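What follows is start.cif (mmCIF, C-alpha atoms).
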```cif
data_entry
#
loop_
_atom_site.label_atom_id
_atom_site.label_comp_id
_atom_site.auth_asym_id
_atom_site.auth_seq_id
_atom_site.Cartn_x
_atom_site.Cartn_y
_atom_site.Cartn_z
CA MET A 31 -17.00 -2.52 20.54
CA THR A 32 -13.83 -0.71 19.46
CA ARG A 33 -13.55 0.04 15.74
CA SER A 34 -10.51 -0.82 13.61
CA ALA A 35 -9.16 1.05 10.57
CA ILE A 36 -6.71 -0.99 8.51
CA PHE A 37 -4.63 0.90 5.96
CA ASP A 38 -2.78 -0.13 2.85
CA LEU A 39 0.53 1.74 2.51
CA ASP A 40 1.63 2.65 -1.04
CA GLY A 41 -0.91 4.95 -2.67
CA THR A 42 -2.95 5.16 0.53
CA LEU A 43 -0.79 6.51 3.35
CA ALA A 44 2.23 7.54 1.29
CA HIS A 45 3.25 8.55 -2.21
CA THR A 46 6.12 6.12 -2.79
CA ALA A 47 6.25 5.84 -6.59
CA PRO A 48 9.19 8.28 -7.04
CA ASP A 49 11.54 6.10 -4.98
CA LEU A 50 10.19 2.87 -6.43
CA VAL A 51 10.75 4.09 -9.98
CA GLY A 52 14.12 5.51 -8.98
CA ALA A 53 15.24 2.09 -7.77
CA ALA A 54 13.87 0.45 -10.91
CA ASN A 55 15.66 2.94 -13.12
CA ASP A 56 18.95 2.43 -11.28
CA LEU A 57 18.57 -1.26 -12.02
CA MET A 58 17.50 -0.74 -15.64
CA ALA A 59 20.46 1.56 -16.29
CA GLU A 60 22.75 -1.28 -15.19
CA GLN A 61 20.94 -3.50 -17.71
CA GLY A 62 21.45 -0.92 -20.46
CA LEU A 63 17.73 -0.16 -20.69
CA PRO A 64 15.92 3.21 -20.79
CA PRO A 65 14.27 4.72 -17.69
CA LEU A 66 10.70 4.10 -16.66
CA ASP A 67 8.46 7.16 -16.28
CA VAL A 68 6.97 7.72 -12.83
CA SER A 69 3.45 7.85 -14.33
CA ILE A 70 3.84 4.21 -15.38
CA ALA A 71 5.24 3.25 -12.00
CA GLU A 72 2.27 4.82 -10.22
CA LYS A 73 -0.08 2.38 -11.92
CA THR A 74 2.22 -0.59 -11.31
CA ALA A 75 3.51 0.02 -7.77
CA GLY A 76 0.49 -1.61 -6.16
CA PHE A 77 1.35 -4.96 -7.73
CA GLY A 78 4.79 -5.31 -6.19
CA ALA A 79 8.45 -5.12 -7.18
CA LYS A 80 8.34 -7.87 -9.80
CA ALA A 81 5.46 -6.13 -11.60
CA LEU A 82 7.54 -2.95 -11.66
CA ILE A 83 10.52 -4.81 -13.13
CA ARG A 84 8.28 -6.32 -15.81
CA ALA A 85 6.87 -2.88 -16.58
CA ALA A 86 10.40 -1.55 -17.05
CA PHE A 87 11.21 -4.33 -19.51
CA ASP A 88 7.90 -3.77 -21.34
CA ASN A 89 8.58 -0.04 -21.50
CA ALA A 90 11.93 -0.75 -23.14
CA GLY A 91 10.39 -3.27 -25.56
CA HIS A 92 12.87 -5.78 -24.17
CA SER A 93 12.12 -9.49 -23.90
CA TYR A 94 12.40 -11.24 -20.55
CA ASP A 95 11.28 -14.34 -18.72
CA ASN A 96 10.36 -15.10 -15.13
CA SER A 97 13.87 -16.28 -14.28
CA ARG A 98 15.33 -12.91 -15.28
CA VAL A 99 12.70 -11.04 -13.28
CA ASP A 100 13.37 -13.29 -10.28
CA ALA A 101 17.12 -12.67 -10.56
CA LEU A 102 16.57 -8.91 -10.41
CA PHE A 103 14.11 -8.98 -7.51
CA HIS A 104 16.59 -8.79 -4.62
CA PRO A 105 18.91 -6.31 -6.39
CA PHE A 106 15.84 -4.10 -6.84
CA LEU A 107 14.94 -4.35 -3.15
CA GLU A 108 18.50 -3.42 -2.18
CA ARG A 109 18.40 -0.30 -4.36
CA TYR A 110 14.96 0.61 -3.09
CA GLU A 111 15.99 0.23 0.56
CA ALA A 112 18.93 2.56 -0.08
CA ARG A 113 16.53 5.33 -1.10
CA ILE A 114 13.50 4.27 0.96
CA ALA A 115 12.32 7.79 1.77
CA GLU A 116 14.43 9.97 -0.49
CA HIS A 117 11.38 11.37 -2.28
CA SER A 118 8.52 9.39 -0.73
CA HIS A 119 6.21 11.33 1.56
CA LEU A 120 2.97 11.00 3.49
CA TYR A 121 -0.08 12.36 1.73
CA GLU A 122 -1.23 15.73 2.99
CA GLY A 123 -3.27 15.42 6.18
CA VAL A 124 -2.17 11.89 7.17
CA GLU A 125 -0.73 12.77 10.58
CA THR A 126 -3.68 15.00 11.48
CA VAL A 127 -6.19 12.33 10.51
CA LEU A 128 -4.34 9.57 12.36
CA ASP A 129 -4.37 11.74 15.51
CA GLN A 130 -8.09 12.38 15.04
CA LEU A 131 -8.88 8.69 14.61
CA ALA A 132 -6.87 7.81 17.71
CA GLU A 133 -8.82 10.41 19.68
CA GLU A 134 -12.06 8.87 18.40
CA GLY A 135 -10.90 5.49 19.71
CA TRP A 136 -10.11 3.76 16.42
CA LEU A 137 -7.51 0.99 16.49
CA LEU A 138 -5.08 1.49 13.59
CA GLY A 139 -3.11 -1.07 11.57
CA ILE A 140 -1.26 -1.43 8.28
CA CYS A 141 -1.80 -4.35 5.89
CA THR A 142 0.53 -4.02 2.91
CA ASN A 143 2.02 -6.20 0.18
CA LYS A 144 5.33 -4.39 0.62
CA PRO A 145 7.96 -6.59 2.33
CA GLU A 146 7.58 -6.07 6.07
CA TYR A 147 11.11 -4.81 6.73
CA LEU A 148 10.83 -2.20 3.97
CA ALA A 149 7.41 -1.07 5.21
CA VAL A 150 8.77 -0.72 8.75
CA GLU A 151 11.80 1.24 7.51
CA LEU A 152 9.60 3.55 5.44
CA MET A 153 7.07 4.26 8.19
CA THR A 154 9.92 4.83 10.65
CA ALA A 155 11.61 7.26 8.26
CA LEU A 156 8.31 9.09 7.75
CA GLY A 157 7.82 9.29 11.53
CA VAL A 158 4.47 7.52 11.90
CA LEU A 159 5.22 3.86 12.66
CA ASP A 160 4.24 4.32 16.31
CA ARG A 161 0.74 5.45 15.30
CA PHE A 162 -0.16 1.87 14.33
CA GLY A 163 -0.76 -1.10 16.58
CA ALA A 164 0.55 -3.55 13.98
CA LEU A 165 2.12 -3.63 10.53
CA LEU A 166 1.87 -6.78 8.44
CA GLY A 167 3.77 -6.99 5.16
CA ALA A 168 3.81 -9.32 2.19
CA ASP A 169 6.12 -11.77 3.95
CA THR A 170 4.76 -11.56 7.52
CA LEU A 171 2.45 -14.54 6.95
CA PRO A 172 2.43 -17.46 4.50
CA VAL A 173 -0.34 -15.55 2.66
CA ARG A 174 -0.76 -11.96 1.49
CA LYS A 175 -3.53 -9.75 0.09
CA PRO A 176 -5.97 -10.49 -1.46
CA ASP A 177 -6.10 -13.49 0.89
CA PRO A 178 -8.42 -12.26 3.69
CA GLU A 179 -6.26 -13.93 6.34
CA HIS A 180 -3.71 -11.16 5.87
CA LEU A 181 -6.38 -8.64 6.84
CA PHE A 182 -7.86 -10.79 9.60
CA GLN A 183 -4.45 -11.20 11.24
CA THR A 184 -3.81 -7.45 11.09
CA ILE A 185 -7.11 -6.80 12.85
CA GLN A 186 -6.38 -9.47 15.43
CA ARG A 187 -2.92 -8.11 16.22
CA ILE A 188 -4.26 -4.64 17.02
CA GLY A 189 -6.90 -6.15 19.28
CA GLY A 190 -9.82 -5.53 16.93
CA ASN A 191 -12.76 -7.52 15.60
CA PRO A 192 -13.54 -8.07 11.88
CA ALA A 193 -17.18 -7.25 12.59
CA ARG A 194 -16.09 -3.69 13.49
CA ALA A 195 -13.35 -3.02 10.95
CA VAL A 196 -12.85 -1.09 7.71
CA MET A 197 -10.14 -1.50 5.05
CA ILE A 198 -8.68 1.63 3.43
CA GLY A 199 -6.71 1.13 0.22
CA ASP A 200 -6.28 2.26 -3.36
CA THR A 201 -6.44 -0.74 -5.73
CA ASP A 202 -8.51 -3.76 -6.68
CA THR A 203 -6.23 -5.87 -4.47
CA ASP A 204 -7.50 -3.98 -1.42
CA ILE A 205 -11.16 -4.22 -2.31
CA LYS A 206 -10.82 -7.93 -3.19
CA THR A 207 -9.26 -8.47 0.24
CA ALA A 208 -12.02 -6.55 2.01
CA ARG A 209 -14.81 -8.27 0.08
CA ALA A 210 -13.33 -11.70 0.84
CA ALA A 211 -13.28 -10.73 4.51
CA LYS A 212 -16.79 -9.22 4.29
CA ILE A 213 -15.42 -5.93 5.58
CA PRO A 214 -16.30 -2.43 4.25
CA CYS A 215 -13.71 -0.85 1.98
CA ILE A 216 -12.73 2.78 1.32
CA LEU A 217 -10.55 3.55 -1.71
CA THR A 218 -8.46 6.62 -2.43
CA SER A 219 -8.82 8.24 -5.85
CA PHE A 220 -5.26 9.62 -5.60
CA GLY A 221 -3.54 6.24 -5.28
CA TYR A 222 -2.09 3.73 -7.70
CA SER A 223 -5.11 1.98 -9.18
CA HIS A 224 -4.67 1.14 -12.86
CA ILE A 225 -8.41 1.59 -13.41
CA PRO A 226 -10.81 4.27 -12.10
CA VAL A 227 -11.68 3.28 -8.53
CA ALA A 228 -15.38 4.05 -9.06
CA ARG A 229 -15.53 0.93 -11.26
CA LEU A 230 -14.46 -1.15 -8.28
CA LYS A 231 -17.55 -0.01 -6.34
CA PRO A 232 -16.05 0.47 -2.88
CA ASP A 233 -18.21 1.53 0.03
CA ALA A 234 -16.67 5.01 -0.18
CA ILE A 235 -14.15 6.94 -2.28
CA VAL A 236 -12.00 9.75 -0.87
CA ASP A 237 -10.29 12.38 -3.02
CA HIS A 238 -8.15 13.73 -0.16
CA PHE A 239 -6.86 12.03 2.97
CA THR A 240 -8.71 14.51 5.19
CA GLN A 241 -11.97 12.87 4.06
CA ILE A 242 -10.98 9.54 5.63
CA SER A 243 -12.50 10.15 9.07
CA GLN A 244 -15.90 11.10 7.69
CA ALA A 245 -15.87 8.12 5.32
CA LEU A 246 -14.93 5.72 8.12
CA ASN A 247 -17.74 6.97 10.32
CA ARG A 248 -20.23 6.54 7.47
CA CYS A 249 -19.05 2.99 6.81
CA LEU A 250 -19.00 2.06 10.49
CA PRO A 251 -21.02 4.34 12.76
CA VAL A 252 -20.42 4.34 16.50
#
```
Before we go any further, please render this structure as structure tokens.
Amino acid sequence: MTRSAIFDLDGTLAHTAPDLVGAANDLMAEQGLPPLDVSIAEKTAGFGAKALIRAAFDNAGHSYDNSRVDALFHPFLERYEARIAEHSHLYEGVETVLDQLAEEGWLLGICTNKPEYLAVELMTALGVLDRFGALLGADTLPVRKPDPEHLFQTIQRIGGNPARAVMIGDTDTDIKTARAAKIPCILTSFGYSHIPVARLKPDAIVDHFTQISQALNRCLPV
């Protein structure tokens, strides 16, 4: 049976924090608030745009409520789309590993909590969208990670089977999704987790993207 490798995006395939924090800081400057450091954004990016907006307010020591965060959500997305791949880049080795996995017969998909249109734009700009059989974003379905249906649907759309699939991500959201789906999970140590990934007890941890193939084959042998 063909094996499936399902990837998260931010902090897994690509380093996107510089453009995310850039968009947030553009927005915060308009609000008269100080900039957010990229190191803070790296530990917040995995929780979505609204979490990043909240972090910016917290960083400034500025009070806010959900209605203010909601009002800034779409302006943030507009600013982020304008700089979608200005500084974002694939992690070293991504294209080589994706080619290797394809040669080994793996089916490849992306399951991300980034809005689908932004994820498609980013992967197109980075030149690798066509490497994946499907890309499902936060708004593709009525549910999103950590709901396992988000992962199940990604596997289904690339023609895979959950019994022969592995999730590759970088945060507790990814491992919660994989565990709910009863699917092995690999986490990157170089991603955006706000806690050490070893505490999350994934099936494997990779310190460099070039270790992905070996980890996948350990988690799911031929």
> Given the file above and the PyMOL selection byres ((chain A and resi 232) around 6), which residues are selected, and can you give them as a PyMOL selection string?
Replying inline: chain A and resi 215-216+230-231+233-234
>> From the options A:Leu102, A:Ser69, A:Arg229, A:Leu159, which residue's atoms come nearest to Arg84 (chain A), counting all atoms listed in the file?
In response: A:Leu102
Write out as a compact mmCIF listing (two decimals) with C-alpha atoms, keeping the file's coordinate frame each polymer residue whose atoms come within 12 Å of Glu116 (chain A), counting all atoms listed in the file; drop sequence neighbours fewer than 2 positions from it.
```txt
# COMPACT_ATOMS: atom_id res chain seq x y z
CA HIS A 45 3.25 8.55 -2.21
CA THR A 46 6.12 6.12 -2.79
CA ALA A 47 6.25 5.84 -6.59
CA PRO A 48 9.19 8.28 -7.04
CA ASP A 49 11.54 6.10 -4.98
CA LEU A 50 10.19 2.87 -6.43
CA VAL A 51 10.75 4.09 -9.98
CA GLY A 52 14.12 5.51 -8.98
CA ALA A 53 15.24 2.09 -7.77
CA ARG A 109 18.40 -0.30 -4.36
CA TYR A 110 14.96 0.61 -3.09
CA GLU A 111 15.99 0.23 0.56
CA ALA A 112 18.93 2.56 -0.08
CA ARG A 113 16.53 5.33 -1.10
CA ILE A 114 13.50 4.27 0.96
CA SER A 118 8.52 9.39 -0.73
CA HIS A 119 6.21 11.33 1.56
CA LEU A 152 9.60 3.55 5.44
CA ALA A 155 11.61 7.26 8.26
CA LEU A 156 8.31 9.09 7.75
```
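Here, the PyMOL selection byres ((chain A and resi 186) around 12) matches Arg33, Ser34, Ala35, Ile36, Leu137, Leu138, Gly139, Ile140, Cys141, Gly163, Ala164, Leu165, Leu166, Glu179, His180, Leu181, Phe182, Gln183, Thr184, Ile185, Arg187, Ile188, Gly189, Gly190, Asn191, Pro192, Ala193, Arg194 and Ala195 of chain A.
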>> Residue by residue, what does the PyMOL selection byres ((chain A and resi 205) around 9) grab here? Present the result as a count of residues only.
In response: 21
> Contacts of Ala168 (chain A) at 12 Å or less, counting only C-alpha atoms, minus same-chain residues fewer than 3 places along, as a PyMOL selection string?
Replying inline: chain A and resi 38-39+76-79+140-150+165+171-177+179-181+184
How would the residues just chosen look if you wrote them out with C-alpha atoms as a short mmCIF file (atom, residue, chain, number, x, y, z; two decimals), keeping the file's coordinate frame?
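Listing of out.cif after writing:
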```cif
data_model
loop_
_atom_site.label_atom_id
_atom_site.label_comp_id
_atom_site.auth_asym_id
_atom_site.auth_seq_id
_atom_site.Cartn_x
_atom_site.Cartn_y
_atom_site.Cartn_z
CA ASP A 38 -2.78 -0.13 2.85
CA LEU A 39 0.53 1.74 2.51
CA GLY A 76 0.49 -1.61 -6.16
CA PHE A 77 1.35 -4.96 -7.73
CA GLY A 78 4.79 -5.31 -6.19
CA ALA A 79 8.45 -5.12 -7.18
CA ILE A 140 -1.26 -1.43 8.28
CA CYS A 141 -1.80 -4.35 5.89
CA THR A 142 0.53 -4.02 2.91
CA ASN A 143 2.02 -6.20 0.18
CA LYS A 144 5.33 -4.39 0.62
CA PRO A 145 7.96 -6.59 2.33
CA GLU A 146 7.58 -6.07 6.07
CA TYR A 147 11.11 -4.81 6.73
CA LEU A 148 10.83 -2.20 3.97
CA ALA A 149 7.41 -1.07 5.21
CA VAL A 150 8.77 -0.72 8.75
CA LEU A 165 2.12 -3.63 10.53
CA LEU A 171 2.45 -14.54 6.95
CA PRO A 172 2.43 -17.46 4.50
CA VAL A 173 -0.34 -15.55 2.66
CA ARG A 174 -0.76 -11.96 1.49
CA LYS A 175 -3.53 -9.75 0.09
CA PRO A 176 -5.97 -10.49 -1.46
CA ASP A 177 -6.10 -13.49 0.89
CA GLU A 179 -6.26 -13.93 6.34
CA HIS A 180 -3.71 -11.16 5.87
CA LEU A 181 -6.38 -8.64 6.84
CA THR A 184 -3.81 -7.45 11.09
#
```
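The coordinates place CA of Ala115 (chain A) at 19.9 Å from CA of Lys80 (chain A).
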> How many Å lie between CA of Ser219 (chain A) and CA of Thr170 (chain A), rounded to one decimal?
Replying inline: 27.5 Å
> What is the CA of Leu128 (chain A)-CA of Arg161 (chain A) distance in Å, reported with one decimal?
Replying inline: 7.2 Å
> Which residues come within 12 Å of Pro65 (chain A), counting all atoms listed in the file, excluding same-chain residues fewer than 3 positions away, as an MDAnalysis selection string?
Replying inline: chainID A and resid 51:62 68:71 82:83 85:91
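Checking A:Val236, A:Ala228, A:Leu250, A:Ile242 one by one against Ile213 (chain A), counting all atoms listed in the file, you find the shortest gap at A:Leu250.
Among the candidates A:Ala44, A:Gln241, A:Phe220, A:Ala211, the residue lying nearest to Val158 (chain A) is A:Ala44 (atoms considered: only C-alpha atoms).
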If I only have part of region 99-117 of chain A, can you fill in N, CA and C atoms and write it as a PDB file, in the coordinates of the input?
```
ATOM      1  N   VAL A  99      13.390 -11.902 -14.247  1.00  0.00           N
ATOM      2  CA  VAL A  99      12.700 -11.040 -13.280  1.00  0.00           C
ATOM      3  C   VAL A  99      13.062 -11.471 -11.853  1.00  0.00           C
ATOM      4  N   ASP A 100      13.036 -12.778 -11.605  1.00  0.00           N
ATOM      5  CA  ASP A 100      13.370 -13.290 -10.280  1.00  0.00           C
ATOM      6  C   ASP A 100      14.798 -12.919  -9.883  1.00  0.00           C
ATOM      7  N   ALA A 101      15.723 -12.974 -10.848  1.00  0.00           N
ATOM      8  CA  ALA A 101      17.120 -12.670 -10.560  1.00  0.00           C
ATOM      9  C   ALA A 101      17.327 -11.208 -10.185  1.00  0.00           C
ATOM     10  N   LEU A 102      16.445 -10.337 -10.681  1.00  0.00           N
ATOM     11  CA  LEU A 102      16.570  -8.910 -10.410  1.00  0.00           C
ATOM     12  C   LEU A 102      15.785  -8.445  -9.191  1.00  0.00           C
ATOM     13  N   PHE A 103      14.993  -9.348  -8.614  1.00  0.00           N
ATOM     14  CA  PHE A 103      14.110  -8.980  -7.510  1.00  0.00           C
ATOM     15  C   PHE A 103      14.894  -8.453  -6.306  1.00  0.00           C
ATOM     16  N   HIS A 104      15.850  -9.228  -5.808  1.00  0.00           N
ATOM     17  CA  HIS A 104      16.590  -8.790  -4.620  1.00  0.00           C
ATOM     18  C   HIS A 104      17.508  -7.600  -4.910  1.00  0.00           C
ATOM     19  N   PRO A 105      18.166  -7.540  -6.069  1.00  0.00           N
ATOM     20  CA  PRO A 105      18.910  -6.310  -6.390  1.00  0.00           C
ATOM     21  C   PRO A 105      18.011  -5.066  -6.398  1.00  0.00           C
ATOM     22  N   PHE A 106      16.771  -5.230  -6.879  1.00  0.00           N
ATOM     23  CA  PHE A 106      15.840  -4.100  -6.840  1.00  0.00           C
ATOM     24  C   PHE A 106      15.546  -3.693  -5.408  1.00  0.00           C
ATOM     25  N   LEU A 107      15.255  -4.662  -4.540  1.00  0.00           N
ATOM     26  CA  LEU A 107      14.940  -4.350  -3.150  1.00  0.00           C
ATOM     27  C   LEU A 107      16.110  -3.653  -2.458  1.00  0.00           C
ATOM     28  N   GLU A 108      17.332  -4.065  -2.772  1.00  0.00           N
ATOM     29  CA  GLU A 108      18.500  -3.420  -2.180  1.00  0.00           C
ATOM     30  C   GLU A 108      18.590  -1.954  -2.597  1.00  0.00           C
ATOM     31  N   ARG A 109      18.337  -1.685  -3.870  1.00  0.00           N
ATOM     32  CA  ARG A 109      18.400  -0.300  -4.360  1.00  0.00           C
ATOM     33  C   ARG A 109      17.253   0.531  -3.806  1.00  0.00           C
ATOM     34  N   TYR A 110      16.093  -0.116  -3.655  1.00  0.00           N
ATOM     35  CA  TYR A 110      14.960   0.610  -3.090  1.00  0.00           C
ATOM     36  C   TYR A 110      15.195   0.936  -1.618  1.00  0.00           C
ATOM     37  N   GLU A 111      15.722  -0.017  -0.860  1.00  0.00           N
ATOM     38  CA  GLU A 111      15.990   0.230   0.560  1.00  0.00           C
ATOM     39  C   GLU A 111      16.965   1.388   0.729  1.00  0.00           C
ATOM     40  N   ALA A 112      17.928   1.502  -0.174  1.00  0.00           N
ATOM     41  CA  ALA A 112      18.930   2.560  -0.080  1.00  0.00           C
ATOM     42  C   ALA A 112      18.332   3.945  -0.242  1.00  0.00           C
ATOM     43  N   ARG A 113      17.156   4.018  -0.891  1.00  0.00           N
ATOM     44  CA  ARG A 113      16.530   5.330  -1.100  1.00  0.00           C
ATOM     45  C   ARG A 113      15.097   5.328  -0.569  1.00  0.00           C
ATOM     46  N   ILE A 114      14.842   4.579   0.490  1.00  0.00           N
ATOM     47  CA  ILE A 114      13.500   4.270   0.960  1.00  0.00           C
ATOM     48  C   ILE A 114      12.596   5.484   1.126  1.00  0.00           C
ATOM     49  N   ALA A 115      13.153   6.601   1.572  1.00  0.00           N
ATOM     50  CA  ALA A 115      12.320   7.790   1.770  1.00  0.00           C
ATOM     51  C   ALA A 115      13.018   9.031   1.219  1.00  0.00           C
ATOM     52  N   GLU A 116      13.737   8.842   0.122  1.00  0.00           N
ATOM     53  CA  GLU A 116      14.430   9.970  -0.490  1.00  0.00           C
ATOM     54  C   GLU A 116      13.436  10.992  -1.039  1.00  0.00           C
ATOM     55  N   HIS A 117      12.415  10.492  -1.724  1.00  0.00           N
ATOM     56  CA  HIS A 117      11.380  11.370  -2.280  1.00  0.00           C
ATOM     57  C   HIS A 117       9.971  10.972  -1.826  1.00  0.00           C
TER      58      HIS A 117
END
```
